[in-house]
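Shown next, in structure tokens, is the structure this report addresses.
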Amino acid sequence: MRILLACDKFKGSLNSIGVNTALARGLNNRGTEITTIIHPLADGGDGTLSVLSQTLDIPFENLATIDPLGRPRTAPFLMRGTTAYFELATASGISLLKKEERDPLRTTTLGTGRMMRVAADRGARDLVLGLGGSCTTDAGLGIACELGVRFYDKNKKTIIPAGGNLLEIASLDISKAIGINTMEILSDVSNPLYGAHGAAYVFGPQKGANEREVDLLDRGLRHVAELIERYTGRSVSKLNGGGAAGGIAAGLAGLFDAKITNGFEFIKKQTNLTATVMKADLVITGEGQLDQTSLDGKVVGGVAALCRKYRKPLVAVVGGSELSVEETDRIGLQRVYTVVEKAGSVARAMEAAADYLEQIGRDMSLR
């Protein structure tokens, strides 16, 4: 029996490789004729580099850069030929800040941009950026600044963009932007750049913004959209997914003609997941928390769609689940196993996830 293990990370506990490996240990100890195939997955957010590194056999490289508040740090990226891959969270992520440091008026994406510029200096001409875990609302102008775009106030003084000073930008100059062939943004967010469902109002509070600051950020993002259209002719106001990661998707689409791609679909293609699913007798997928968002552009929903298409039985192993039996039946999940149920508490589930996953692999029904 060929069992495909195609789980995402359990955020805060295990990465995708760790989750799949733990399940494989349990399955391989059953004493039956089982062949496990580990196929780590991600949705374009944190964990994407690890998946690409393993499946494409690209070694990590580390670069000196800065964090969202300008402090020195080192962060990883991947590069093969003229293509370089980055994760926003490694240099501009909310996990890099203490709770009291969260301030989207001050934080910037300069650190991510600095890494992209270094890669471009080394010959990268196709840049792939996975979004997720952002702490910024600067519309990606920090990245653009490091890539050669210049921003000025009404007195022609240079501005280093951050969420709190976007309204002060009066003009910009893209004539010295670095030369690249393509830029691809990986995301699973459909929010527009601004408005009630935009980057500031939906995601600003979790990044530390109060009600007044959310309004300021939203007005700043509207202003950025107007500037981009004035200087490039590209309209990003209603761009589907433009609000991802504090508006990075819209900003880079406008300034660099970046393409916004569903992160899971990108990983599926890069890792040849479809062919692997077709060869399996049973597929096991999962993530840390199974809920309605899991079904919309994320790993579990994407794997479920593939299994329905090729009529493959599908089981989910997750940290916890908020979905009803009717909802899991609807997407084709035969069974759902949760680590929390096995562990008895969320704390124990996160502390010893690998052990509980191994137990689930050893004990689960394969019929």
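Here, A, B, ... name the chains of the structure tokens in the order displayed, residue numbers run from 1 inside each chain, and ligands are numbered from 1 in the same displayed order.
Residues with any atom within 9 Å of Glu287 of chain A, counting only C-alpha atoms and excluding same-chain neighbours fewer than 3 positions away, are A:Cys7, A:Asp8, A:Lys9, A:Phe10, A:Lys11, A:Ser16, A:Val19, A:Leu290, A:Ser294, A:Val299, A:Val300, A:Ala316, A:Val317, A:Val318, A:Gly319, A:Gly320.
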Take the residues just selected and output them with N, CA and C atoms as a PDB file, in the first residue's frame.
ATOM      1  N   CYS A   7       1.328  16.745   4.307  1.00  0.00           N
ATOM      2  CA  CYS A   7       0.840  17.677   5.326  1.00  0.00           C
ATOM      3  C   CYS A   7       1.626  18.987   5.298  1.00  0.00           C
ATOM      4  N   ASP A   8       0.940  20.057   5.682  1.00  0.00           N
ATOM      5  CA  ASP A   8       1.562  21.354   5.913  1.00  0.00           C
ATOM      6  C   ASP A   8       2.182  21.346   7.305  1.00  0.00           C
ATOM      7  N   LYS A   9       2.826  22.414   7.681  1.00  0.00           N
ATOM      8  CA  LYS A   9       3.392  22.573   9.028  1.00  0.00           C
ATOM      9  C   LYS A   9       2.277  22.597  10.074  1.00  0.00           C
ATOM     10  N   PHE A  10       2.634  22.335  11.329  1.00  0.00           N
ATOM     11  CA  PHE A  10       1.797  22.602  12.491  1.00  0.00           C
ATOM     12  C   PHE A  10       2.420  23.841  13.135  1.00  0.00           C
ATOM     13  N   LYS A  11       1.887  24.995  12.823  1.00  0.00           N
ATOM     14  CA  LYS A  11       2.529  26.255  13.198  1.00  0.00           C
ATOM     15  C   LYS A  11       2.794  26.330  14.695  1.00  0.00           C
ATOM     16  N   SER A  16       6.658  21.237   8.160  1.00  0.00           N
ATOM     17  CA  SER A  16       6.010  20.232   7.320  1.00  0.00           C
ATOM     18  C   SER A  16       6.801  18.928   7.288  1.00  0.00           C
ATOM     19  N   VAL A  19       6.263  17.029  10.577  1.00  0.00           N
ATOM     20  CA  VAL A  19       4.931  16.432  10.682  1.00  0.00           C
ATOM     21  C   VAL A  19       4.863  15.139   9.873  1.00  0.00           C
ATOM     22  N   LEU A 290      -7.560  22.933  11.521  1.00  0.00           N
ATOM     23  CA  LEU A 290      -8.479  22.727  10.403  1.00  0.00           C
ATOM     24  C   LEU A 290      -9.729  23.572  10.639  1.00  0.00           C
ATOM     25  N   SER A 294      -9.005  26.683   5.851  1.00  0.00           N
ATOM     26  CA  SER A 294      -8.211  25.569   5.308  1.00  0.00           C
ATOM     27  C   SER A 294      -8.689  25.161   3.924  1.00  0.00           C
ATOM     28  N   VAL A 299      -3.349  24.305   1.977  1.00  0.00           N
ATOM     29  CA  VAL A 299      -2.875  22.966   1.655  1.00  0.00           C
ATOM     30  C   VAL A 299      -3.984  21.916   1.717  1.00  0.00           C
ATOM     31  N   VAL A 300      -4.736  21.862   2.816  1.00  0.00           N
ATOM     32  CA  VAL A 300      -5.750  20.814   2.961  1.00  0.00           C
ATOM     33  C   VAL A 300      -6.792  20.908   1.857  1.00  0.00           C
ATOM     34  N   ALA A 316      -7.261  13.231   6.990  1.00  0.00           N
ATOM     35  CA  ALA A 316      -6.575  14.403   7.538  1.00  0.00           C
ATOM     36  C   ALA A 316      -6.082  14.115   8.943  1.00  0.00           C
ATOM     37  N   VAL A 317      -4.857  14.541   9.220  1.00  0.00           N
ATOM     38  CA  VAL A 317      -4.305  14.513  10.571  1.00  0.00           C
ATOM     39  C   VAL A 317      -3.947  15.953  10.910  1.00  0.00           C
ATOM     40  N   VAL A 318      -4.599  16.499  11.924  1.00  0.00           N
ATOM     41  CA  VAL A 318      -4.455  17.926  12.230  1.00  0.00           C
ATOM     42  C   VAL A 318      -4.206  18.125  13.717  1.00  0.00           C
ATOM     43  N   GLY A 319      -3.755  19.339  14.048  1.00  0.00           N
ATOM     44  CA  GLY A 319      -3.597  19.654  15.460  1.00  0.00           C
ATOM     45  C   GLY A 319      -4.943  19.698  16.152  1.00  0.00           C
ATOM     46  N   GLY A 320      -5.850  20.485  15.593  1.00  0.00           N
ATOM     47  CA  GLY A 320      -7.211  20.604  16.087  1.00  0.00           C
ATOM     48  C   GLY A 320      -8.138  20.901  14.928  1.00  0.00           C
TER      49      GLY A 320
END
task = Based on DSSP run over this structure's backbone, return all residues of segment 96-287 of chain A in helix (DSSP H, G or I), as a ChimeraX atom specification.
result = /A:96,99-101,110-121,141-146,163-168,199-203,205-207,211-232,244-256,263-270,273-278
request  = Find the residues near segment 220-225 of chain A: any atom within 10 Å, counting only C-alpha atoms, skip ones fewer than 6 places away on the same chain, and give them as JSON, numbers by chain.
outcome  = {"A": [137, 138, 139, 141, 162, 163, 164, 165, 166, 167, 168, 169, 170, 193, 194, 195, 198, 199, 200, 214, 234, 235, 236, 237, 238, 243, 246, 247, 250, 251, 254]}
Prev. selection, N, CA and C atoms, output as a tab-separated table (two decimals), in the first residue's frame:
chain	number	residue	atom	x	y	z
A	137	THR	N	2.73	47.30	7.30
A	137	THR	CA	1.66	47.80	6.44
A	137	THR	C	2.24	48.95	5.62
A	138	ASP	N	3.30	48.65	4.90
A	138	ASP	CA	3.99	49.69	4.11
A	138	ASP	C	3.81	49.51	2.61
A	139	ALA	N	2.85	48.63	2.23
A	139	ALA	CA	2.57	48.37	0.81
A	139	ALA	C	3.79	47.86	0.05
A	141	LEU	N	6.67	49.15	0.07
A	141	LEU	CA	7.52	50.24	-0.42
A	141	LEU	C	8.93	50.16	0.18
A	162	ALA	N	7.40	53.84	5.58
A	162	ALA	CA	6.87	52.98	6.64
A	162	ALA	C	5.37	53.25	6.68
A	163	GLY	N	4.65	52.42	7.39
A	163	GLY	CA	3.20	52.58	7.40
A	163	GLY	C	2.74	53.95	7.83
A	164	GLY	N	3.47	54.58	8.75
A	164	GLY	CA	3.03	55.84	9.30
A	164	GLY	C	3.32	57.06	8.47
A	165	ASN	N	4.16	56.95	7.42
A	165	ASN	CA	4.47	58.15	6.63
A	165	ASN	C	4.08	58.03	5.15
A	166	LEU	N	3.22	57.08	4.83
A	166	LEU	CA	2.83	56.89	3.43
A	166	LEU	C	2.14	58.13	2.87
A	167	LEU	N	1.37	58.82	3.71
A	167	LEU	CA	0.66	60.01	3.24
A	167	LEU	C	1.60	61.17	2.92
A	168	GLU	N	2.83	61.10	3.42
A	168	GLU	CA	3.80	62.17	3.18
A	168	GLU	C	4.49	62.04	1.83
A	169	ILE	N	4.34	60.91	1.18
A	169	ILE	CA	4.99	60.71	-0.12
A	169	ILE	C	4.27	61.53	-1.18
A	170	ALA	N	5.00	62.42	-1.81
A	170	ALA	CA	4.42	63.29	-2.84
A	170	ALA	C	4.79	62.85	-4.24
A	193	LEU	N	-6.38	46.07	-1.41
A	193	LEU	CA	-5.37	46.88	-0.74
A	193	LEU	C	-5.94	47.69	0.41
A	194	TYR	N	-7.08	48.34	0.20
A	194	TYR	CA	-7.63	49.21	1.25
A	194	TYR	C	-9.15	49.08	1.33
A	195	GLY	N	-9.73	49.79	2.29
A	195	GLY	CA	-11.16	49.70	2.50
A	195	GLY	C	-11.51	48.78	3.66
A	198	GLY	N	-9.75	45.63	3.51
A	198	GLY	CA	-8.38	45.79	3.07
A	198	GLY	C	-7.33	45.47	4.12
A	199	ALA	N	-6.08	45.72	3.76
A	199	ALA	CA	-4.94	45.33	4.59
A	199	ALA	C	-4.97	45.96	5.98
A	200	ALA	N	-5.30	47.25	6.08
A	200	ALA	CA	-5.25	47.94	7.37
A	200	ALA	C	-6.37	47.50	8.30
A	214	VAL	N	-5.29	52.42	12.45
A	214	VAL	CA	-5.84	51.67	11.32
A	214	VAL	C	-6.37	52.62	10.25
A	234	ARG	N	-0.56	51.66	-13.74
A	234	ARG	CA	-1.17	50.41	-13.27
A	234	ARG	C	-2.13	50.69	-12.12
A	235	SER	N	-3.32	50.16	-12.20
A	235	SER	CA	-4.31	50.32	-11.14
A	235	SER	C	-4.27	49.11	-10.21
A	236	VAL	N	-4.02	49.36	-8.92
A	236	VAL	CA	-3.96	48.27	-7.94
A	236	VAL	C	-5.05	48.40	-6.88
A	237	SER	N	-5.93	49.37	-7.03
A	237	SER	CA	-6.95	49.64	-6.01
A	237	SER	C	-7.85	48.45	-5.74
A	238	LYS	N	-8.24	47.75	-6.79
A	238	LYS	CA	-9.18	46.64	-6.64
A	238	LYS	C	-8.53	45.30	-6.96
A	243	GLY	N	-4.11	43.27	-0.88
A	243	GLY	CA	-3.90	43.61	0.52
A	243	GLY	C	-3.05	42.63	1.29
A	246	GLY	N	0.07	43.40	4.39
A	246	GLY	CA	0.15	44.85	4.52
A	246	GLY	C	0.26	45.57	3.21
A	247	GLY	N	-0.30	44.99	2.14
A	247	GLY	CA	-0.31	45.65	0.84
A	247	GLY	C	0.91	45.41	-0.01
A	250	ALA	N	0.04	44.42	-3.68
A	250	ALA	CA	-0.38	45.53	-4.54
A	250	ALA	C	0.79	46.44	-4.89
A	251	GLY	N	1.60	46.77	-3.88
A	251	GLY	CA	2.72	47.67	-4.14
A	251	GLY	C	3.70	47.12	-5.15
A	254	GLY	N	2.21	46.90	-8.67
A	254	GLY	CA	2.18	48.19	-9.33
A	254	GLY	C	3.54	48.69	-9.77
inquiry  = as JSON, numbers by chain, please: the residues near Leu56 of chain A (cut-off 10 Å, only C-alpha atoms, same-chain neighbours under 3 positions excluded).
reply    = {"A": [50, 51, 52, 53, 59, 80, 270, 271]}
request  = Can you work out which one of A:Thr285, A:Asn15, A:Thr90, A:Thr74 has the shortest atom-to-atom distance to Asn62 of chain A, counting only C-alpha atoms?
outcome  =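 Distance minimum relative to Asn62 of chain A lands on A:Thr74.
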task = Would you list, as JSON, numbers by chain, the residues of segment 35-134 of chain A that end up in strand (DSSP E or B) under DSSP run on this structure's backbone?
result = {"A": [35, 36, 37, 38, 61, 62, 63, 64, 65, 66, 72, 73, 74, 75, 76, 77, 78, 79, 80, 83, 84, 85, 86, 87, 93, 126, 127, 128, 129, 130, 134]}
How would the residues just picked look written out with C-alpha atoms as a tab-separated table (two decimals), in the first residue's frame?
chain	number	residue	atom	x	y	z
A	35	THR	CA	5.35	2.23	1.54
A	36	THR	CA	5.29	5.82	2.80
A	37	ILE	CA	6.04	8.71	0.48
A	38	ILE	CA	6.84	12.01	2.21
A	61	GLU	CA	22.15	30.55	1.98
A	62	ASN	CA	22.20	33.14	4.74
A	63	LEU	CA	22.37	36.89	4.24
A	64	ALA	CA	23.03	39.77	6.59
A	65	THR	CA	19.99	42.04	6.66
A	66	ILE	CA	17.77	43.95	9.13
A	72	PRO	CA	20.78	43.59	12.27
A	73	ARG	CA	19.89	39.94	11.69
A	74	THR	CA	20.72	37.06	9.38
A	75	ALA	CA	18.04	35.42	7.26
A	76	PRO	CA	17.94	32.55	4.73
A	77	PHE	CA	17.05	32.43	1.05
A	78	LEU	CA	17.43	30.03	-1.86
A	79	MET	CA	18.99	30.63	-5.25
A	80	ARG	CA	19.35	28.43	-8.30
A	83	THR	CA	15.87	32.41	-9.71
A	84	ALA	CA	15.91	33.40	-6.04
A	85	TYR	CA	13.30	32.46	-3.42
A	86	PHE	CA	12.48	34.42	-0.26
A	87	GLU	CA	10.12	34.28	2.72
A	93	GLY	CA	7.89	38.87	10.12
A	126	ASP	CA	13.48	36.02	-11.34
A	127	LEU	CA	12.42	36.73	-7.76
A	128	VAL	CA	9.85	34.67	-5.85
A	129	LEU	CA	8.54	36.01	-2.53
A	130	GLY	CA	6.38	33.98	-0.17
A	134	SER	CA	3.87	39.98	8.13
task = Considering only C-alpha atoms, state which residue in the set A:Gly111, A:Pro104, A:Gly12, A:Gly288 is at the smallest distance from Gln206 of chain A.
result = A:Pro104
inquiry  = Using only C-alpha atoms, can you tell me which of A:Ile185, A:Ala89, A:Ile284, A:Leu14 comes closest to Ala349 of chain A?
reply    = A:Leu14
key: Pairwise distance for atom CA of Ala209 of chain A and atom CA of Arg102 of chain A, rounded to one decimal in Å   = 8.1 Å
message = So, with only C-alpha atoms as the atoms that count, which of A:Ile143, A:Ala249, A:Val315, A:Val303 lies closest to Ile267 of chain A?
response = A:Val303
remark   = Judged by only C-alpha atoms, the minimum distance to Phe266 of chain A among A:Ile178, A:Ala245, A:Met116, A:Leu186 is found for A:Leu186
inquiry  = Nearest residue to Val189 of chain A out of A:Lys298, A:Lys154, A:Lys279, A:Lys176, using only C-alpha atoms?
reply    =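 Counting only C-alpha atoms, the residue closest to Val189 of chain A is A:Lys298.
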query = What lies within 10 Å of Glu351 of chain A using only C-alpha atoms, ignoring chain neighbours under 4 positions off, as number ranges by chain?
reply = A: 12-14, 343, 346-347, 355-356
Selected residues written out, N, CA and C atoms, as a CSV table (one decimal), in the first residue's frame:
chain,number,residue,atom,x,y,z
A,12,GLY,N,4.0,26.7,15.0
A,12,GLY,CA,4.4,26.8,16.4
A,12,GLY,C,4.8,25.5,17.1
A,13,SER,N,4.8,24.4,16.3
A,13,SER,CA,5.1,23.1,16.8
A,13,SER,C,6.1,22.4,15.9
A,14,LEU,N,5.7,22.0,14.7
A,14,LEU,CA,6.6,21.3,13.8
A,14,LEU,C,6.5,21.8,12.4
A,343,ALA,N,-3.8,14.1,22.8
A,343,ALA,CA,-2.9,14.6,23.9
A,343,ALA,C,-3.8,15.1,25.1
A,346,VAL,N,-4.2,21.4,24.4
A,346,VAL,CA,-3.4,22.1,23.3
A,346,VAL,C,-2.0,22.2,23.7
A,347,ALA,N,-1.7,22.5,25.0
A,347,ALA,CA,-0.3,22.7,25.4
A,347,ALA,C,0.5,21.4,25.2
A,355,ASP,N,5.5,13.0,18.9
A,355,ASP,CA,5.1,11.7,19.6
A,355,ASP,C,3.7,11.3,19.3
A,356,TYR,N,2.8,12.3,19.4
A,356,TYR,CA,1.4,12.0,19.2
A,356,TYR,C,1.1,11.7,17.7
inquiry  = Would you compute the distance between atom CA of Gly44 of chain A and atom CA of Thr261 of chain A? Give it in Å to one decimal.
reply    =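 We find that atom CA of Gly44 of chain A and atom CA of Thr261 of chain A lie 9.0 Å from each other.
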task = Just give me the gap between atom CA of Pro161 of chain A and atom CA of Asn191 of chain A in Å, one decimal is fine.
result =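 Taking atom CA of Pro161 of chain A as the start and atom CA of Asn191 of chain A as the end point, the length is 21.9 Å.
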key: Neighbour list for Gln334 of chain A as a list in words, cut-off 12 Å, only C-alpha atoms, skip fewer than 5 positions in-chain   =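 Neighbouring residues, sequence-local ones excluded: Leu282, Val283, Ile284, Thr285, Ala304, Cys307, Arg308, Lys312, Pro313, Leu314, Val315, Ala316, Val317, Val325, Glu326, Glu327, Thr328, Asp329, Met364, Ser365, Leu366 and Arg367 of chain A.
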With N, CA and C atoms kept, could you save the residues just selected as a CSV table (one decimal), in the first residue's frame?
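Final output, again.csv:
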chain,number,residue,atom,x,y,z
A,282,LEU,N,-3.5,5.8,-0.9
A,282,LEU,CA,-4.1,6.6,0.2
A,282,LEU,C,-3.3,7.9,0.4
A,283,VAL,N,-4.0,9.0,0.6
A,283,VAL,CA,-3.3,10.3,0.8
A,283,VAL,C,-3.7,10.8,2.2
A,284,ILE,N,-2.7,11.2,3.0
A,284,ILE,CA,-2.9,11.8,4.3
A,284,ILE,C,-2.4,13.3,4.2
A,285,THR,N,-3.3,14.2,4.5
A,285,THR,CA,-2.9,15.6,4.6
A,285,THR,C,-3.2,16.2,5.9
A,304,ALA,N,-7.3,18.1,-1.1
A,304,ALA,CA,-8.6,17.5,-1.2
A,304,ALA,C,-9.2,17.6,-2.6
A,307,CYS,N,-7.4,15.0,-4.7
A,307,CYS,CA,-7.9,13.7,-4.4
A,307,CYS,C,-9.3,13.4,-5.0
A,308,ARG,N,-10.1,14.4,-5.0
A,308,ARG,CA,-11.5,14.3,-5.6
A,308,ARG,C,-11.3,14.0,-7.1
A,312,LYS,N,-8.9,9.5,-5.1
A,312,LYS,CA,-8.0,8.9,-4.1
A,312,LYS,C,-8.6,9.1,-2.7
A,313,PRO,N,-8.6,8.1,-1.9
A,313,PRO,CA,-9.1,8.2,-0.5
A,313,PRO,C,-8.2,9.2,0.2
A,314,LEU,N,-8.8,10.1,1.1
A,314,LEU,CA,-8.0,11.1,1.8
A,314,LEU,C,-8.4,11.1,3.3
A,315,VAL,N,-7.4,11.2,4.1
A,315,VAL,CA,-7.5,11.3,5.5
A,315,VAL,C,-6.7,12.5,6.0
A,316,ALA,N,-7.3,13.2,7.0
A,316,ALA,CA,-6.6,14.4,7.5
A,316,ALA,C,-6.1,14.1,8.9
A,317,VAL,N,-4.9,14.5,9.2
A,317,VAL,CA,-4.3,14.5,10.6
A,317,VAL,C,-3.9,16.0,10.9
A,325,VAL,N,-18.6,17.2,10.9
A,325,VAL,CA,-18.5,16.0,10.1
A,325,VAL,C,-19.0,16.2,8.7
A,326,GLU,N,-20.1,17.0,8.7
A,326,GLU,CA,-20.7,17.3,7.4
A,326,GLU,C,-19.8,18.1,6.5
A,327,GLU,N,-19.1,19.0,7.1
A,327,GLU,CA,-18.1,19.9,6.4
A,327,GLU,C,-16.9,19.1,5.9
A,328,THR,N,-16.4,18.2,6.7
A,328,THR,CA,-15.3,17.4,6.2
A,328,THR,C,-15.7,16.3,5.2
A,329,ASP,N,-16.9,15.8,5.3
A,329,ASP,CA,-17.5,14.9,4.3
A,329,ASP,C,-17.6,15.6,3.0
A,364,MET,N,-4.0,4.6,13.3
A,364,MET,CA,-5.1,5.0,12.4
A,364,MET,C,-5.6,3.8,11.5
A,365,SER,N,-6.9,3.9,11.2
A,365,SER,CA,-7.5,2.9,10.3
A,365,SER,C,-7.0,3.2,8.9
A,366,LEU,N,-6.7,2.1,8.1
A,366,LEU,CA,-6.2,2.3,6.7
A,366,LEU,C,-7.3,1.7,5.8
A,367,ARG,N,-8.5,1.4,6.3
A,367,ARG,CA,-9.5,0.8,5.4
A,367,ARG,C,-10.4,1.9,4.9
